[in-house]
Structure formats: structure tokens, C-alpha cells
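Structure file protein_38.pdb (PDB, C-alpha atoms, pLDDT in the B column) is printed below.
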ATOM      1  CA  MET A  21       0.000   0.000   0.000  1.00 68.00           C
ATOM      2  CA  LYS A  22       1.289   3.448  -0.928  1.00 79.00           C
ATOM      3  CA  LEU A  23       1.371   5.859   2.016  1.00 82.00           C
ATOM      4  CA  ILE A  24       0.940   9.633   2.036  1.00 85.00           C
ATOM      5  CA  ARG A  25       2.953  11.657   4.552  1.00 87.00           C
ATOM      6  CA  LEU A  26       1.606  14.425   6.754  1.00 88.00           C
ATOM      7  CA  LYS A  27       3.185  17.283   4.763  1.00 90.00           C
ATOM      8  CA  ASP A  28       1.506  15.996   1.589  1.00 86.00           C
ATOM      9  CA  VAL A  29      -1.870  15.716   3.326  1.00 83.00           C
ATOM     10  CA  ILE A  30      -1.516  19.296   4.588  1.00 87.00           C
ATOM     11  CA  GLY A  31      -0.601  20.532   1.111  1.00 86.00           C
ATOM     12  CA  CYS A  32      -3.421  18.718  -0.675  1.00 80.00           C
ATOM     13  CA  THR A  33      -6.244  19.348   1.778  1.00 80.00           C
ATOM     14  CA  GLY A  34      -5.380  22.836   2.990  1.00 86.00           C
ATOM     15  CA  HIS A  35      -5.949  21.756   6.600  1.00 87.00           C
ATOM     16  CA  SER A  36      -3.397  22.643   9.257  1.00 92.00           C
ATOM     17  CA  ARG A  37      -1.565  19.976  11.245  1.00 93.00           C
ATOM     18  CA  SER A  38      -3.609  20.737  14.362  1.00 96.00           C
ATOM     19  CA  THR A  39      -6.874  20.466  12.400  1.00 91.00           C
ATOM     20  CA  ILE A  40      -5.870  17.092  10.977  1.00 88.00           C
ATOM     21  CA  TYR A  41      -5.131  15.750  14.471  1.00 89.00           C
ATOM     22  CA  LYS A  42      -8.379  17.262  15.778  1.00 92.00           C
ATOM     23  CA  TYR A  43     -10.296  15.418  13.045  1.00 85.00           C
ATOM     24  CA  ILE A  44      -8.512  12.184  13.991  1.00 86.00           C
ATOM     25  CA  ASP A  45      -9.608  12.633  17.633  1.00 91.00           C
ATOM     26  CA  GLU A  46     -13.194  13.303  16.510  1.00 87.00           C
ATOM     27  CA  GLY A  47     -13.191  10.268  14.205  1.00 82.00           C
ATOM     28  CA  ILE A  48     -13.722  12.370  11.072  1.00 79.00           C
ATOM     29  CA  ILE A  49     -10.591  11.040   9.395  1.00 80.00           C
ATOM     30  CA  PRO A  50      -8.916   7.677  10.013  1.00 80.00           C
ATOM     31  CA  LYS A  51      -5.946   7.223  12.293  1.00 83.00           C
ATOM     32  CA  SER A  52      -2.526   7.422  10.742  1.00 84.00           C
ATOM     33  CA  VAL A  53       0.054   4.669  10.469  1.00 83.00           C
ATOM     34  CA  SER A  54       3.046   5.541  12.645  1.00 81.00           C
ATOM     35  CA  GLY A  55       6.634   4.619  11.944  1.00 78.00           C
ATOM     36  CA  ASP A  56      10.015   5.767  13.172  1.00 79.00           C
ATOM     37  CA  ARG A  57       9.558   9.548  13.463  1.00 80.00           C
ATOM     38  CA  THR A  58       6.908   9.654  10.740  1.00 82.00           C
ATOM     39  CA  VAL A  59       3.156   9.398  10.241  1.00 84.00           C
ATOM     40  CA  ALA A  60       1.307   8.536   7.058  1.00 87.00           C
ATOM     41  CA  TRP A  61      -2.100   7.533   5.740  1.00 80.00           C
ATOM     42  CA  GLY A  62      -3.204   5.006   3.179  1.00 76.00           C
ATOM     43  CA  ARG A  63      -3.468   6.521  -0.290  1.00 67.00           C
ATOM     44  CA  VAL A  64      -6.814   4.883  -1.110  1.00 56.00           C
ATOM     45  CA  ARG A  65      -8.581   6.635   1.738  1.00 58.00           C
ATOM     46  CA  TYR A  66      -7.160   9.969   0.688  1.00 57.00           C
ATOM     47  CA  ARG A  67      -7.840   9.523  -3.016  1.00 57.00           C
ATOM     48  CA  ASN A  68     -11.499   8.792  -2.350  1.00 57.00           C
ATOM     49  CA  GLY A  69     -11.859  12.425  -1.258  1.00 59.00           C
ATOM     50  CA  PHE A  70     -12.398  11.542   2.390  1.00 60.00           C
ATOM     51  CA  TRP A  71     -10.516  14.605   3.576  1.00 58.00           C
ATOM     52  CA  LYS A  72     -11.463  17.188   0.999  1.00 54.00           C
ATOM     53  CA  LYS A  73     -12.172  20.563   2.562  1.00 48.00           C
TER      54      LYS A  73
END

Once you've parsed the file, please lay out its structure as C-alpha cells.
Amino acid sequence: MKLIRLKDVIGCTGHSRSTIYKYIDEGIIPKSVSGDRTVAWGRVRYRNGFWKK
């Protein structure tokens, strides 16, 4: 599965980092996949327009 990093999500959606994490807490967007010093999301979920502003 191709993953999309936080900076790319911010650039594509126009949401700030704090807004993205707020939406995760509220269950509006899915939780990220964490790695060593990085977070990312599955590309399919993003491409389906789930996070469009």
C-alpha cells in the first residue's frame, strides 16, 4: 500500500496539522500509520476524497 505523509496531506487538503489531528480525535478522518519519526495515511482513503475541505 502506498502511504501519504503528513506534509503531503496538509498541502493537498489545505488543513493545518492541528486540524488534521483534531479530526482524527473526533473520528472524522482515520488514524494514521506511525513509523520511526513519521506518520502517514493510506493513499486509497485519501484519493477517495475523504478529507477534501

Could you state which residues are captured by the PyMOL selection byres ((chain A and resi 27-30) around 9) in this file, as a ChimeraX atom specification? /A:24-26,31-37,40,60-61,66,71

Store the residues picked out above in a file with C-alpha atoms, as an mmCIF file, in the frame of the given file.
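The resulting file, part.cif, is reproduced below:
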data_model
loop_
_atom_site.group_PDB
_atom_site.id
_atom_site.type_symbol
_atom_site.label_atom_id
_atom_site.label_comp_id
_atom_site.auth_asym_id
_atom_site.auth_seq_id
_atom_site.Cartn_x
_atom_site.Cartn_y
_atom_site.Cartn_z
ATOM 1 C CA ILE A 24 0.940 9.633 2.036
ATOM 2 C CA ARG A 25 2.953 11.657 4.552
ATOM 3 C CA LEU A 26 1.606 14.425 6.754
ATOM 4 C CA GLY A 31 -0.601 20.532 1.111
ATOM 5 C CA CYS A 32 -3.421 18.718 -0.675
ATOM 6 C CA THR A 33 -6.244 19.348 1.778
ATOM 7 C CA GLY A 34 -5.380 22.836 2.990
ATOM 8 C CA HIS A 35 -5.949 21.756 6.600
ATOM 9 C CA SER A 36 -3.397 22.643 9.257
ATOM 10 C CA ARG A 37 -1.565 19.976 11.245
ATOM 11 C CA ILE A 40 -5.870 17.092 10.977
ATOM 12 C CA ALA A 60 1.307 8.536 7.058
ATOM 13 C CA TRP A 61 -2.100 7.533 5.740
ATOM 14 C CA TYR A 66 -7.160 9.969 0.688
ATOM 15 C CA TRP A 71 -10.516 14.605 3.576
#

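Taking atom CA of Asp45 of chain A and atom CA of Leu23 of chain A as the two end points, the separation is 20.3 Å.
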
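Between atom CA of Arg57 of chain A and atom CA of Ile44 of chain A there is a distance of 18.3 Å.
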
Put the listed atoms of segment 42-57 of chain A in a box along x, y and z with 5 Å added on every side and give me the centre and edge lengths in Å to one decimal, as JSON.
{"center_x": -1.9, "center_y": 10.9, "center_z": 13.5, "size_x": 33.7, "size_y": 22.6, "size_z": 18.2}

Can you measure atom CA of Thr58 of chain A to atom CA of Lys42 of chain A for me? One decimal in Å is fine.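 These two atoms are separated by 17.8 Å.
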
Can you take the partial segment 43-66 of chain A, add N, CA and C atoms, and return it as a CSV table (one decimal), in the coordinates of the input?
chain,number,residue,atom,x,y,z
A,43,TYR,N,-9.4,16.3,13.8
A,43,TYR,CA,-10.3,15.4,13.0
A,43,TYR,C,-10.1,13.9,13.4
A,44,ILE,N,-8.8,13.6,13.6
A,44,ILE,CA,-8.5,12.2,14.0
A,44,ILE,C,-9.2,11.9,15.3
A,45,ASP,N,-9.0,12.8,16.3
A,45,ASP,CA,-9.6,12.6,17.6
A,45,ASP,C,-11.1,12.5,17.6
A,46,GLU,N,-11.7,13.3,16.6
A,46,GLU,CA,-13.2,13.3,16.5
A,46,GLU,C,-13.7,12.1,15.7
A,47,GLY,N,-12.8,11.4,15.0
A,47,GLY,CA,-13.2,10.3,14.2
A,47,GLY,C,-13.6,10.7,12.8
A,48,ILE,N,-13.3,11.9,12.4
A,48,ILE,CA,-13.7,12.4,11.1
A,48,ILE,C,-12.8,11.8,10.0
A,49,ILE,N,-11.5,11.7,10.3
A,49,ILE,CA,-10.6,11.0,9.4
A,49,ILE,C,-9.9,9.9,10.1
A,50,PRO,N,-9.5,8.9,9.4
A,50,PRO,CA,-8.9,7.7,10.0
A,50,PRO,C,-7.6,8.0,10.7
A,51,LYS,N,-7.2,7.1,11.6
A,51,LYS,CA,-5.9,7.2,12.3
A,51,LYS,C,-4.8,6.9,11.3
A,52,SER,N,-3.7,7.6,11.6
A,52,SER,CA,-2.5,7.4,10.7
A,52,SER,C,-1.8,6.2,11.1
A,53,VAL,N,-0.9,5.8,10.2
A,53,VAL,CA,0.1,4.7,10.5
A,53,VAL,C,1.4,5.3,10.9
A,54,SER,N,1.8,4.9,12.1
A,54,SER,CA,3.0,5.5,12.6
A,54,SER,C,4.3,4.7,12.4
A,55,GLY,N,5.4,5.3,12.1
A,55,GLY,CA,6.6,4.6,11.9
A,55,GLY,C,7.7,5.3,12.8
A,56,ASP,N,8.9,5.1,12.5
A,56,ASP,CA,10.0,5.8,13.2
A,56,ASP,C,10.0,7.2,12.8
A,57,ARG,N,9.6,8.1,13.7
A,57,ARG,CA,9.6,9.5,13.5
A,57,ARG,C,8.7,10.0,12.3
A,58,THR,N,7.7,9.3,11.9
A,58,THR,CA,6.9,9.7,10.7
A,58,THR,C,5.5,9.2,10.9
A,59,VAL,N,4.5,9.8,10.3
A,59,VAL,CA,3.2,9.4,10.2
A,59,VAL,C,2.7,9.5,8.8
A,60,ALA,N,1.8,8.6,8.4
A,60,ALA,CA,1.3,8.5,7.1
A,60,ALA,C,-0.1,7.9,7.0
A,61,TRP,N,-0.8,8.1,5.9
A,61,TRP,CA,-2.1,7.5,5.7
A,61,TRP,C,-2.1,6.7,4.5
A,62,GLY,N,-3.0,5.8,4.4
A,62,GLY,CA,-3.2,5.0,3.2
A,62,GLY,C,-3.7,5.9,2.0
A,63,ARG,N,-3.1,5.7,0.9
A,63,ARG,CA,-3.5,6.5,-0.3
A,63,ARG,C,-4.9,6.3,-0.7
A,64,VAL,N,-5.4,5.1,-0.7
A,64,VAL,CA,-6.8,4.9,-1.1
A,64,VAL,C,-7.8,5.7,-0.4
A,65,ARG,N,-7.7,5.8,0.9
A,65,ARG,CA,-8.6,6.6,1.7
A,65,ARG,C,-8.5,8.1,1.3
A,66,TYR,N,-7.3,8.6,1.1
A,66,TYR,CA,-7.2,10.0,0.7
A,66,TYR,C,-7.7,10.2,-0.7
